[in-house]
Amino acid sequence: MKKPVILEISQTLLLARLRQSLIAAAGVTFGIAMFITLVSFMTGLNKMLDSLILNRTPHVRLYNAINPSLDQPINRVGEFDNSLNIIRSIKPSDSRVEIYNTIPILKALQSDPRVIAVGPKVAAQVFYNVGVIDLNGTVNGIDVKTEIKSFSFNDYIIRGDAADLDRVTNSIILGKGVADKMMAEIGEVIQITSAKGEQVSLKVVGIFQLGLAAVDDVQSYASLSTTQKLLGKNDSYYTDIQVKLTDISLAPSVAKEFSKIYRVDAEDVQTANAQFESGTKVRNIITYAVSITLLIVAGFGIYNILNMMIYEKMDSIAILKATGFSGSDVKRIFINLSLIIGAIGGSVGLLLGFVFTSLIDQIPFKTAALPAISTYPINYNIIFYFIGITFAMATTYIAGYFPARKASRIDPVVIIRGK
């Protein structure tokens with residue numbers, strides 16, 4: 001039978017039981033709308049949480065780790081070559097934490113096509129002097145322009161201006177937790193003491209808040225020159241080199257390569273945040289599981305409605321077969337009916353899902369722990385809409401297939417004789 005005729009009969013059956021058809025379509029609409037809303041919100045939330053870490057974390061970090069020396073002096077004495085030397089409590093070697101030959105390394109990294117940003121860093125262990133109390137902390141000496149441009153440093157400055165680190169001599173941006181404990185405000189001068197006991201006065205030019213207490217209560221930022229001066233080092237002294245890549249997935253392999261070439265320790269972002277990434281994956285799995293369950297439930301609704309429609313349309317099916325329609329034609333009629341319901345319900349569901357997510361995106365979300373966030377996070381990835389409509393059509397097809405197959409096997413003689 002010609003396809004236009006089959007499609008016209010499907011539309012006629014759809015309109016004949018319009019109320020039931022609308023209920024079935026509403027089930028699909030609700031499932032798709034909730035899928036889009038839930039997955040957009042949850043992945044947006046995960047993206048926001050990831051950005052808190054990833055924006056301030058280099059894709060590859062080069063540094064010199066403090067490791068115990070396995071080659072002990074006793075192993076170098078010839079008379080003990082044939083002896084079993086057992087050394088307990090092996091101490092770290094006298095290797096320095098600074099990176100050697102930093103200037104050539106920086107130039108080589110900047111010329112690497114896989115690298116989009118290189119930021120040298122100096123980490124200094126200090127004590128924040130609060131009256132007679134000393135608070136443990138870390139001052140990170142940074143290349144301010146690189147941090148602002150490539151590591152979103154300005155996004156986490158809740159008061160002041162990050163550029164003032166370069167403009168104001170002997171200045172510092174305090175973590176919010178540190179500033180609260182010291183009751184320090186912008187413009188004030190604070191005292192800090194280096195690990196070697198040298199006390200330095202620094203002017204507060206800003207307050208920084210990442211949203212993680214472990215960072216905000218300890219870390220502060222200063223320019224490279226200020227931190228090098230604090231440690232009594234020259235301008236070639238760096239403890240870390242932060243590298244941002246064009247493709248973050250290359251980080252593990254690039255870290256190994258750089259470690260071997262430059263003879264330093266290297267840590268990639270995946271290794272540094274493995275636990276955090278595991279949490280993100282679990283949240284995504286839960287999100288998709290709940291969303292797909294909604295669509296499956298909607299599919300069962302369509303199945304039940306089509307099943308009941310077949311029982312109510314036995315006479316129509318018998319007449320169709322008696323007038324020359326084959327079993328496969330009848331099957332296509334009911335599958336088309338199911339797909340029409342899926343297409344209408346899915347399309348309206350996509351529209352409602354977009355409306356719901358747009359409304360959520362406008363709801364104010366202000367919290368002191370996340371200063372860079374002003375509204376609830378939403379991920380408007382087009383792939384979610386493609387997944388939603390594809391799953392809607394697949395679910396409604398499967399839901400309509402089994403009732404359609406049952407309809408195609410109906411014997412018209414039995415139905416007409418029974419009447």
# chains A, B, ... in the order shown; residues from 1 in each chain; ligands from 1

$ residues_around --residues "A:Tyr63" --least-positions-apart "2" --cutoff "7 Å" --atoms "only C-alpha atoms" --output "ChimeraX atom specification"
/A:61,65,99,239-241,264-266

$ write_last_selection --atoms "N, CA and C atoms" --output "PDB file, in the first residue's frame"
ATOM      1  N   ARG A  61      52.085  20.842  35.449  1.00  0.00           N
ATOM      2  CA  ARG A  61      52.889  21.595  36.418  1.00  0.00           C
ATOM      3  C   ARG A  61      54.283  20.978  36.488  1.00  0.00           C
ATOM      4  N   ALA A  65      60.388  17.882  43.002  1.00  0.00           N
ATOM      5  CA  ALA A  65      59.869  17.272  44.228  1.00  0.00           C
ATOM      6  C   ALA A  65      61.017  16.972  45.185  1.00  0.00           C
ATOM      7  N   ILE A  99      63.726  25.253  40.043  1.00  0.00           N
ATOM      8  CA  ILE A  99      63.925  24.600  38.753  1.00  0.00           C
ATOM      9  C   ILE A  99      65.178  25.186  38.093  1.00  0.00           C
ATOM     10  N   THR A 239      60.027  28.136  41.414  1.00  0.00           N
ATOM     11  CA  THR A 239      59.789  26.807  41.998  1.00  0.00           C
ATOM     12  C   THR A 239      58.832  25.974  41.152  1.00  0.00           C
ATOM     13  N   ASP A 240      58.025  26.633  40.329  1.00  0.00           N
ATOM     14  CA  ASP A 240      57.057  25.935  39.492  1.00  0.00           C
ATOM     15  C   ASP A 240      56.969  26.614  38.135  1.00  0.00           C
ATOM     16  N   ILE A 241      56.603  25.817  37.128  1.00  0.00           N
ATOM     17  CA  ILE A 241      56.240  26.370  35.821  1.00  0.00           C
ATOM     18  C   ILE A 241      54.873  25.786  35.470  1.00  0.00           C
ATOM     19  N   VAL A 264      62.753  17.336  35.235  1.00  0.00           N
ATOM     20  CA  VAL A 264      62.021  17.842  36.398  1.00  0.00           C
ATOM     21  C   VAL A 264      60.844  16.910  36.650  1.00  0.00           C
ATOM     22  N   ASP A 265      60.211  17.080  37.802  1.00  0.00           N
ATOM     23  CA  ASP A 265      58.976  16.340  38.064  1.00  0.00           C
ATOM     24  C   ASP A 265      57.825  17.058  37.376  1.00  0.00           C
ATOM     25  N   ALA A 266      56.851  16.301  36.893  1.00  0.00           N
ATOM     26  CA  ALA A 266      55.713  16.890  36.191  1.00  0.00           C
ATOM     27  C   ALA A 266      54.423  16.234  36.675  1.00  0.00           C
TER      28      ALA A 266
END

$ residues_around --residues "A:Pro58" --least-positions-apart "5" --cutoff "8 Å" --atoms "only C-alpha atoms" --output "mmCIF file with C-alpha atoms, in the first residue's frame"
data_model
loop_
_atom_site.group_PDB
_atom_site.id
_atom_site.type_symbol
_atom_site.label_atom_id
_atom_site.label_comp_id
_atom_site.auth_asym_id
_atom_site.auth_seq_id
_atom_site.Cartn_x
_atom_site.Cartn_y
_atom_site.Cartn_z
ATOM 1 C CA PHE A 151 44.186 31.274 34.417
ATOM 2 C CA GLN A 242 52.539 26.238 34.976
ATOM 3 C CA VAL A 243 51.621 25.118 31.465
ATOM 4 C CA LYS A 244 48.267 25.442 29.728
ATOM 5 C CA ASP A 268 49.152 16.610 34.897
ATOM 6 C CA VAL A 269 45.731 18.018 35.730
#

$ atom_distance --atom1 "atom CA of A:Gly324" --atom2 "atom CA of A:Tyr397"
25.0 Å

$ residues_around --residues "A:Lys107" --least-positions-apart "6" --cutoff "12 Å" --atoms "only C-alpha atoms" --output "list of chain:residue names"
A:Asn101, A:Val115, A:Ala117, A:Val118, A:Gly119, A:Pro120, A:Ile241

$ select_by_dssp --residues "stretch 176-398 of chain A" --states "alpha helix (DSSP H)" --output "NGL selection string"
:A and (176-182 or 213-216 or 224-231 or 251-262 or 269-272 or 274-312 or 314-322 or 327-361 or 382-398)
